[in-house]
>>> print(open('query-v7.tsv').read())   # TSV, C-alpha atoms
chain	number	residue	atom	x	y	z
A	1	MET	CA	128.14	98.28	123.85
A	2	VAL	CA	126.05	98.26	120.67
A	3	GLN	CA	123.93	101.18	119.54
A	4	LEU	CA	121.37	100.85	116.77
A	5	HIS	CA	119.22	103.49	115.12
A	6	TYR	CA	116.23	102.00	113.35
A	7	SER	CA	112.52	102.19	112.86
A	8	LEU	CA	110.19	99.33	112.13
A	9	THR	CA	108.28	99.25	108.88
A	10	LYS	CA	104.76	97.97	108.48
A	11	GLN	CA	106.28	94.87	106.88
A	12	ASP	CA	108.41	94.34	109.99
A	13	TYR	CA	105.34	94.56	112.21
A	14	VAL	CA	103.34	92.16	110.01
A	15	ALA	CA	106.25	89.67	110.08
A	16	TYR	CA	106.38	89.90	113.90
A	17	PHE	CA	102.60	89.56	114.30
A	18	VAL	CA	102.39	86.54	111.98
A	19	PHE	CA	105.35	84.96	113.75
A	20	VAL	CA	103.84	85.33	117.22
A	21	PHE	CA	100.32	84.23	116.29
A	22	TRP	CA	101.03	81.72	113.51
A	23	GLU	CA	104.61	80.56	113.06
A	24	ALA	CA	105.81	80.20	116.64
A	25	GLU	CA	106.22	76.57	117.64
A	26	SER	CA	103.65	76.77	120.45
A	27	ARG	CA	101.07	78.19	118.02
A	28	LYS	CA	101.77	75.46	115.44
A	29	LYS	CA	100.98	72.77	118.00
A	30	ALA	CA	97.74	74.48	119.05
A	31	ARG	CA	96.74	74.99	115.42
A	32	VAL	CA	97.33	71.32	114.52
A	33	LYS	CA	95.38	70.22	117.59
A	34	ASN	CA	92.47	72.48	116.62
A	35	ILE	CA	92.47	71.19	113.04
A	36	LEU	CA	92.51	67.57	114.22
A	37	LYS	CA	89.51	68.34	116.44
A	38	GLN	CA	87.64	69.85	113.50
A	39	VAL	CA	88.49	66.94	111.21
A	40	GLY	CA	87.43	64.50	113.93
A	41	LEU	CA	84.08	66.25	114.40
A	42	SER	CA	83.52	66.28	110.63
A	43	ALA	CA	84.39	62.59	110.41
A	44	LEU	CA	82.00	61.81	113.29
A	45	PHE	CA	79.24	63.81	111.59
A	46	PHE	CA	79.91	62.02	108.32
A	47	CYS	CA	79.77	58.59	110.03
A	48	VAL	CA	76.52	59.43	111.79
A	49	MET	CA	74.96	60.72	108.58
A	50	THR	CA	76.15	57.68	106.63
A	51	TYR	CA	74.91	55.26	109.29
A	52	THR	CA	71.50	56.89	109.43
A	53	SER	CA	71.34	57.29	105.65
A	54	GLY	CA	71.11	61.04	106.14
A	55	PHE	CA	73.22	61.87	103.11
A	56	GLY	CA	71.35	60.07	100.38
A	57	LYS	CA	72.47	61.09	96.92
A	58	PHE	CA	74.30	64.20	98.22
A	59	SER	CA	77.07	62.29	100.06
A	60	ILE	CA	80.02	63.31	97.84
A	61	PRO	CA	79.27	67.07	97.83
A	62	ILE	CA	78.61	67.05	101.57
A	63	LEU	CA	81.81	65.10	102.28
A	64	THR	CA	83.77	67.55	100.14
A	65	LEU	CA	82.22	70.50	101.96
A	66	LEU	CA	83.00	68.96	105.37
A	67	PHE	CA	86.59	68.36	104.31
A	68	LEU	CA	87.04	71.92	103.08
A	69	VAL	CA	85.43	73.44	106.16
A	70	SER	CA	87.73	71.37	108.39
A	71	PHE	CA	90.85	72.76	106.76
A	72	LEU	CA	89.66	76.30	106.09
A	73	PRO	CA	91.35	77.81	109.17
A	74	PHE	CA	94.62	76.18	108.17
A	75	ILE	CA	94.35	77.43	104.60
A	76	SER	CA	93.18	80.97	105.25
A	77	GLY	CA	94.50	81.54	108.78
A	78	LYS	CA	97.88	83.05	107.91
A	79	GLY	CA	96.34	85.40	105.35
A	80	ASP	CA	93.72	86.48	107.88
A	81	LEU	CA	96.46	87.24	110.42
A	82	GLU	CA	98.42	89.23	107.84
A	83	LYS	CA	95.30	91.29	107.14
A	84	GLN	CA	94.72	91.81	110.87
A	85	ALA	CA	98.35	92.91	111.34
A	86	GLU	CA	98.07	95.32	108.42
A	87	ASP	CA	94.92	96.79	109.97
A	88	ILE	CA	96.78	97.30	113.26
A	89	ALA	CA	99.76	98.83	111.44
A	90	ASN	CA	97.53	101.20	109.48
A	91	ASP	CA	95.65	102.43	112.55
A	92	PRO	CA	96.89	105.94	113.39
A	93	LEU	CA	96.66	105.12	117.10
A	94	ASN	CA	99.50	102.63	116.61
A	95	ALA	CA	101.88	105.02	114.84
A	96	SER	CA	104.30	104.87	117.79
A	97	ILE	CA	105.29	101.34	116.70
A	98	PHE	CA	107.06	102.89	113.71
A	99	LEU	CA	109.02	105.68	115.40
A	100	GLN	CA	112.78	105.99	115.06
A	101	ASN	CA	114.36	103.96	117.90
A	102	LEU	CA	117.71	104.21	119.58
A	103	LEU	CA	118.56	100.79	121.02
A	104	THR	CA	121.58	100.50	123.28
A	105	ALA	CA	122.72	97.05	124.41
A	106	THR	CA	125.35	96.70	127.12
A	107	ASP	CA	126.49	93.92	129.42
A	108	THR	CA	123.81	94.88	131.95
A	109	TYR	CA	120.79	96.14	130.02
A	110	ILE	CA	118.98	96.89	126.79
A	111	HIS	CA	117.73	100.44	126.50
A	112	VAL	CA	115.10	101.37	123.90
A	113	LYS	CA	114.32	105.03	123.44
A	114	ASN	CA	112.16	106.99	121.03
A	115	GLU	CA	109.99	110.12	121.30
A	116	VAL	CA	107.29	108.34	123.37
A	117	LEU	CA	109.24	105.51	125.04
A	118	ASP	CA	112.27	105.35	127.29
A	119	ALA	CA	112.59	101.79	128.57
A	120	LYS	CA	115.58	100.10	130.13
A	121	TYR	CA	115.40	96.31	130.48
A	122	THR	CA	117.82	94.13	132.35
A	123	TRP	CA	118.76	91.00	130.44
A	124	LYS	CA	116.71	89.01	132.97
A	125	ALA	CA	113.61	90.73	131.58
A	126	ILE	CA	114.08	88.83	128.33
A	127	SER	CA	111.96	85.69	128.73
A	128	SER	CA	112.94	84.23	125.35
A	129	LYS	CA	114.92	85.08	122.28
A	130	THR	CA	114.02	83.97	118.80
A	131	GLU	CA	115.64	84.85	115.55
A	132	ASN	CA	115.12	84.14	111.90
A	133	SER	CA	116.99	85.31	108.84
A	134	GLN	CA	115.59	88.86	109.11
A	135	TYR	CA	114.95	89.64	112.79
A	136	TYR	CA	115.84	89.17	116.41
A	137	PHE	CA	112.78	88.93	118.65
A	138	LEU	CA	113.62	89.51	122.31
A	139	PHE	CA	110.43	88.54	124.11
A	140	LEU	CA	109.47	90.29	127.32
A	141	ASN	CA	106.43	88.00	127.70
A	142	ALA	CA	104.45	85.66	125.46
A	143	PHE	CA	103.36	88.39	123.01
A	144	GLU	CA	105.48	91.50	123.56
A	145	ALA	CA	108.96	91.68	122.11
A	146	ILE	CA	111.74	94.03	121.23
A	147	ILE	CA	111.89	93.60	117.46
A	148	ILE	CA	115.31	94.19	115.94
A	149	PRO	CA	115.64	93.98	112.17
A	150	LYS	CA	119.02	92.56	111.20
A	151	THR	CA	119.25	95.33	108.61
A	152	ALA	CA	119.69	97.77	111.54
A	153	PHE	CA	123.29	96.66	112.00
A	154	ALA	CA	125.84	98.83	110.23
A	155	ASN	CA	128.14	95.87	109.61
A	156	GLN	CA	128.85	92.24	110.44
A	157	ASP	CA	131.15	93.17	113.36
A	158	GLU	CA	128.37	95.14	115.06
A	159	GLN	CA	125.97	92.23	114.64
A	160	GLN	CA	128.53	89.78	116.03
A	161	GLN	CA	129.11	92.05	119.02
A	162	PHE	CA	125.33	92.09	119.63
A	163	GLU	CA	125.17	88.30	119.33
A	164	LYS	CA	127.98	88.02	121.90
A	165	LEU	CA	125.95	90.16	124.31
A	166	ILE	CA	122.93	87.91	123.74
A	167	THR	CA	124.96	84.74	124.22
A	168	LYS	CA	126.54	86.09	127.39
A	169	ASN	CA	123.34	87.43	128.96
A	170	ILE	CA	120.43	85.25	127.86
A	171	SER	CA	120.14	81.75	129.25
A	172	LEU	CA	120.15	78.81	126.85
A	173	GLU	CA	116.59	77.96	127.92
A	174	ALA	CA	115.45	81.33	126.59
A	175	GLU	CA	116.92	80.82	123.12
A	176	ILE	CA	114.67	79.51	120.40
A	177	ASN	CA	115.92	79.61	116.83
A	178	TYR	CA	113.40	79.82	114.06
A	179	ASN	CA	114.62	79.81	110.48
>>> encode(input="query-v7.tsv", output="structure tokens")
Amino acid sequence: MVQLHYSLTKQDYVAYFVFVFWEAESRKKARVKNILKQVGLSALFFCVMTYTSGFGKFSIPILTLLFLVSFLPFISGKGDLEKQAEDIANDPLNASIFLQNLLTATDTYIHVKNEVLDAKYTWKAISSKTENSQYYFLFLNAFEAIIIPKTAFANQDEQQQFEKLITKNISLEAEINYN
């Protein structure tokens, strides 16, 4: 059994939000597909305008603008998500995200308890597990996860014991490592 006492910070929440909506592998694929669509539409527009002589002497500035507009979501998207996550974190209605948690992990369940939540999840409830250098994300569905900062562990032995529980109880299909 592993017991952790921790609370998430606003930085922890922003990292989670950006991961789910920007850095996760499934989101990367969708983002690249969307950008390719935008670039393709811009290229088609440029070809049509060139063929019909619609650009005239403004072709270079218009081409530059089309190029920039095509990549704008890619360039500003992560920053926009960080701002959105900060807005969510700063909303007083979401203060419960940052309460002190008691997480207990055993061979049969994960129990998360704080002053407004008392939830016990069987390991089967974990649909996927992802980790990076700072967090474990134990996903209950595509967007909701138990976020466990690695700084919550008192020592390396406690973290290794937790990792053994994860390895024993979460199927290999559910594990996704993100570094």
>>> residues_around(input="query-v7.tsv", residues="Thr104 of chain A", least_positions_apart="2", cutoff="6 Å", atoms="only C-alpha atoms", output="short mmCIF file (atom, residue, chain, number, x, y, z; two decimals) with C-alpha atoms, keeping the file's coordinate frame")
data_model
loop_
_atom_site.label_atom_id
_atom_site.label_comp_id
_atom_site.auth_asym_id
_atom_site.auth_seq_id
_atom_site.Cartn_x
_atom_site.Cartn_y
_atom_site.Cartn_z
CA VAL A 2 126.05 98.26 120.67
CA GLN A 3 123.93 101.18 119.54
CA ILE A 110 118.98 96.89 126.79
CA HIS A 111 117.73 100.44 126.50
#
>>> residues_around(input="query-v7.tsv", residues="Val18 of chain A", least_positions_apart="3", cutoff="9 Å", atoms="all atoms listed in the file", output="JSON, numbers by chain")
{"A": [13, 14, 15, 21, 22, 23, 24, 78, 81, 82, 85]}
>>> closest_residue(input="query-v7.tsv", among="A:Gln100, A:Asp12, A:Thr108, A:Met1", to="Tyr135 of chain A", atoms="only C-alpha atoms")
A:Asp12
>>> atom_distance(input="query-v7.tsv", atom1="atom CA of Leu8 of chain A", atom2="atom CA of Asn132 of chain A")
16.0 Å
>>> atom_distance(input="query-v7.tsv", atom1="atom CA of Lys29 of chain A", atom2="atom CA of Gln134 of chain A")
23.5 Å
>>> closest_residue(input="query-v7.tsv", among="A:Lys129, A:Lys33, A:Lys113, A:Lys83", to="Gln11 of chain A", atoms="only C-alpha atoms")
A:Lys83
>>> closest_atom_pairs(input="query-v7.tsv", of="segment 71-132 of chain A", to="segment 151-174 of chain A", cutoff="8 Å", atoms="only C-alpha atoms", output="CSV")
residue,atom,partner,partner_atom,distance
A:Ala105,CA,A:Phe162,CA,7.4
A:Thr106,CA,A:Leu165,CA,7.1
A:Asp107,CA,A:Leu165,CA,6.4
A:Trp123,CA,A:Asn169,CA,6.0
A:Lys124,CA,A:Ile170,CA,7.4
A:Ile126,CA,A:Ile170,CA,7.3
A:Ser127,CA,A:Ala174,CA,6.0
A:Ser128,CA,A:Ala174,CA,4.0
A:Lys129,CA,A:Ala174,CA,5.7
>>> write_last_selection(input="query-v7.tsv", atoms="C-alpha atoms", output="short mmCIF file (atom, residue, chain, number, x, y, z; two decimals), in the frame of the given file")
data_model
loop_
_atom_site.label_atom_id
_atom_site.label_comp_id
_atom_site.auth_asym_id
_atom_site.auth_seq_id
_atom_site.Cartn_x
_atom_site.Cartn_y
_atom_site.Cartn_z
CA ALA A 105 122.72 97.05 124.41
CA THR A 106 125.35 96.70 127.12
CA ASP A 107 126.49 93.92 129.42
CA TRP A 123 118.76 91.00 130.44
CA LYS A 124 116.71 89.01 132.97
CA ILE A 126 114.08 88.83 128.33
CA SER A 127 111.96 85.69 128.73
CA SER A 128 112.94 84.23 125.35
CA LYS A 129 114.92 85.08 122.28
#
>>> closest_residue(input="query-v7.tsv", among="A:Ile35, A:Leu140, A:Ser133, A:Ile148", to="Ala119 of chain A", atoms="only C-alpha atoms")
A:Leu140
>>> closest_residue(input="query-v7.tsv", among="A:Asn101, A:Ser42, A:Asn90, A:Ser76", to="Pro149 of chain A", atoms="all atoms listed in the file")
A:Asn101
>>> atom_distance(input="query-v7.tsv", atom1="atom CA of Gln84 of chain A", atom2="atom CA of Leu4 of chain A")
28.8 Å
>>> closest_residue(input="query-v7.tsv", among="A:Leu66, A:Phe17, A:Phe137, A:Leu44", to="Glu86 of chain A", atoms="only C-alpha atoms")
A:Phe17
>>> closest_residue(input="query-v7.tsv", among="A:Phe98, A:Phe46, A:Tyr109, A:Tyr16", to="Phe139 of chain A", atoms="all atoms listed in the file")
A:Tyr16
>>> build_atoms(input="query-v7.tsv", residues="segment 32-53 of chain A", atoms="N, CA and C atoms", output="PDB file, in the frame of the given file")
ATOM      1  N   VAL A  32      97.497  72.704 114.963  1.00  0.00           N
ATOM      2  CA  VAL A  32      97.330  71.320 114.520  1.00  0.00           C
ATOM      3  C   VAL A  32      96.302  70.606 115.394  1.00  0.00           C
ATOM      4  N   LYS A  33      96.350  70.827 116.684  1.00  0.00           N
ATOM      5  CA  LYS A  33      95.380  70.220 117.590  1.00  0.00           C
ATOM      6  C   LYS A  33      93.961  70.666 117.248  1.00  0.00           C
ATOM      7  N   ASN A  34      93.782  71.938 116.975  1.00  0.00           N
ATOM      8  CA  ASN A  34      92.470  72.480 116.620  1.00  0.00           C
ATOM      9  C   ASN A  34      91.976  71.880 115.304  1.00  0.00           C
ATOM     10  N   ILE A  35      92.852  71.770 114.330  1.00  0.00           N
ATOM     11  CA  ILE A  35      92.470  71.190 113.040  1.00  0.00           C
ATOM     12  C   ILE A  35      92.079  69.726 113.194  1.00  0.00           C
ATOM     13  N   LEU A  36      92.843  68.986 113.990  1.00  0.00           N
ATOM     14  CA  LEU A  36      92.510  67.570 114.220  1.00  0.00           C
ATOM     15  C   LEU A  36      91.150  67.432 114.888  1.00  0.00           C
ATOM     16  N   LYS A  37      90.839  68.353 115.807  1.00  0.00           N
ATOM     17  CA  LYS A  37      89.510  68.340 116.440  1.00  0.00           C
ATOM     18  C   LYS A  37      88.423  68.576 115.402  1.00  0.00           C
ATOM     19  N   GLN A  38      88.636  69.546 114.527  1.00  0.00           N
ATOM     20  CA  GLN A  38      87.640  69.850 113.500  1.00  0.00           C
ATOM     21  C   GLN A  38      87.464  68.694 112.527  1.00  0.00           C
ATOM     22  N   VAL A  39      88.564  68.087 112.122  1.00  0.00           N
ATOM     23  CA  VAL A  39      88.490  66.940 111.210  1.00  0.00           C
ATOM     24  C   VAL A  39      87.784  65.788 111.901  1.00  0.00           C
ATOM     25  N   GLY A  40      88.082  65.571 113.171  1.00  0.00           N
ATOM     26  CA  GLY A  40      87.430  64.500 113.930  1.00  0.00           C
ATOM     27  C   GLY A  40      85.928  64.712 114.035  1.00  0.00           C
ATOM     28  N   LEU A  41      85.520  65.955 114.322  1.00  0.00           N
ATOM     29  CA  LEU A  41      84.080  66.250 114.400  1.00  0.00           C
ATOM     30  C   LEU A  41      83.413  66.059 113.040  1.00  0.00           C
ATOM     31  N   SER A  42      84.078  66.463 111.973  1.00  0.00           N
ATOM     32  CA  SER A  42      83.520  66.280 110.630  1.00  0.00           C
ATOM     33  C   SER A  42      83.402  64.795 110.303  1.00  0.00           C
ATOM     34  N   ALA A  43      84.431  64.023 110.668  1.00  0.00           N
ATOM     35  CA  ALA A  43      84.390  62.590 110.410  1.00  0.00           C
ATOM     36  C   ALA A  43      83.266  61.930 111.213  1.00  0.00           C
ATOM     37  N   LEU A  44      83.088  62.338 112.459  1.00  0.00           N
ATOM     38  CA  LEU A  44      82.000  61.810 113.290  1.00  0.00           C
ATOM     39  C   LEU A  44      80.650  62.145 112.671  1.00  0.00           C
ATOM     40  N   PHE A  45      80.480  63.388 112.239  1.00  0.00           N
ATOM     41  CA  PHE A  45      79.240  63.810 111.590  1.00  0.00           C
ATOM     42  C   PHE A  45      78.991  62.985 110.335  1.00  0.00           C
ATOM     43  N   PHE A  46      80.037  62.797 109.547  1.00  0.00           N
ATOM     44  CA  PHE A  46      79.910  62.020 108.320  1.00  0.00           C
ATOM     45  C   PHE A  46      79.492  60.571 108.626  1.00  0.00           C
ATOM     46  N   CYS A  47      80.109  59.974 109.646  1.00  0.00           N
ATOM     47  CA  CYS A  47      79.770  58.590 110.030  1.00  0.00           C
ATOM     48  C   CYS A  47      78.320  58.487 110.481  1.00  0.00           C
ATOM     49  N   VAL A  48      77.907  59.435 111.302  1.00  0.00           N
ATOM     50  CA  VAL A  48      76.520  59.430 111.790  1.00  0.00           C
ATOM     51  C   VAL A  48      75.562  59.569 110.625  1.00  0.00           C
ATOM     52  N   MET A  49      75.832  60.502 109.733  1.00  0.00           N
ATOM     53  CA  MET A  49      74.960  60.720 108.580  1.00  0.00           C
ATOM     54  C   MET A  49      74.943  59.499 107.653  1.00  0.00           C
ATOM     55  N   THR A  50      76.091  58.870 107.479  1.00  0.00           N
ATOM     56  CA  THR A  50      76.150  57.680 106.630  1.00  0.00           C
ATOM     57  C   THR A  50      75.379  56.533 107.273  1.00  0.00           C
ATOM     58  N   TYR A  51      75.564  56.349 108.571  1.00  0.00           N
ATOM     59  CA  TYR A  51      74.910  55.260 109.290  1.00  0.00           C
ATOM     60  C   TYR A  51      73.390  55.428 109.289  1.00  0.00           C
ATOM     61  N   THR A  52      72.936  56.657 109.388  1.00  0.00           N
ATOM     62  CA  THR A  52      71.500  56.890 109.430  1.00  0.00           C
ATOM     63  C   THR A  52      70.917  57.178 108.053  1.00  0.00           C
ATOM     64  N   SER A  53      71.741  57.024 107.040  1.00  0.00           N
ATOM     65  CA  SER A  53      71.340  57.290 105.650  1.00  0.00           C
ATOM     66  C   SER A  53      70.872  58.737 105.471  1.00  0.00           C
TER      67      SER A  53
END
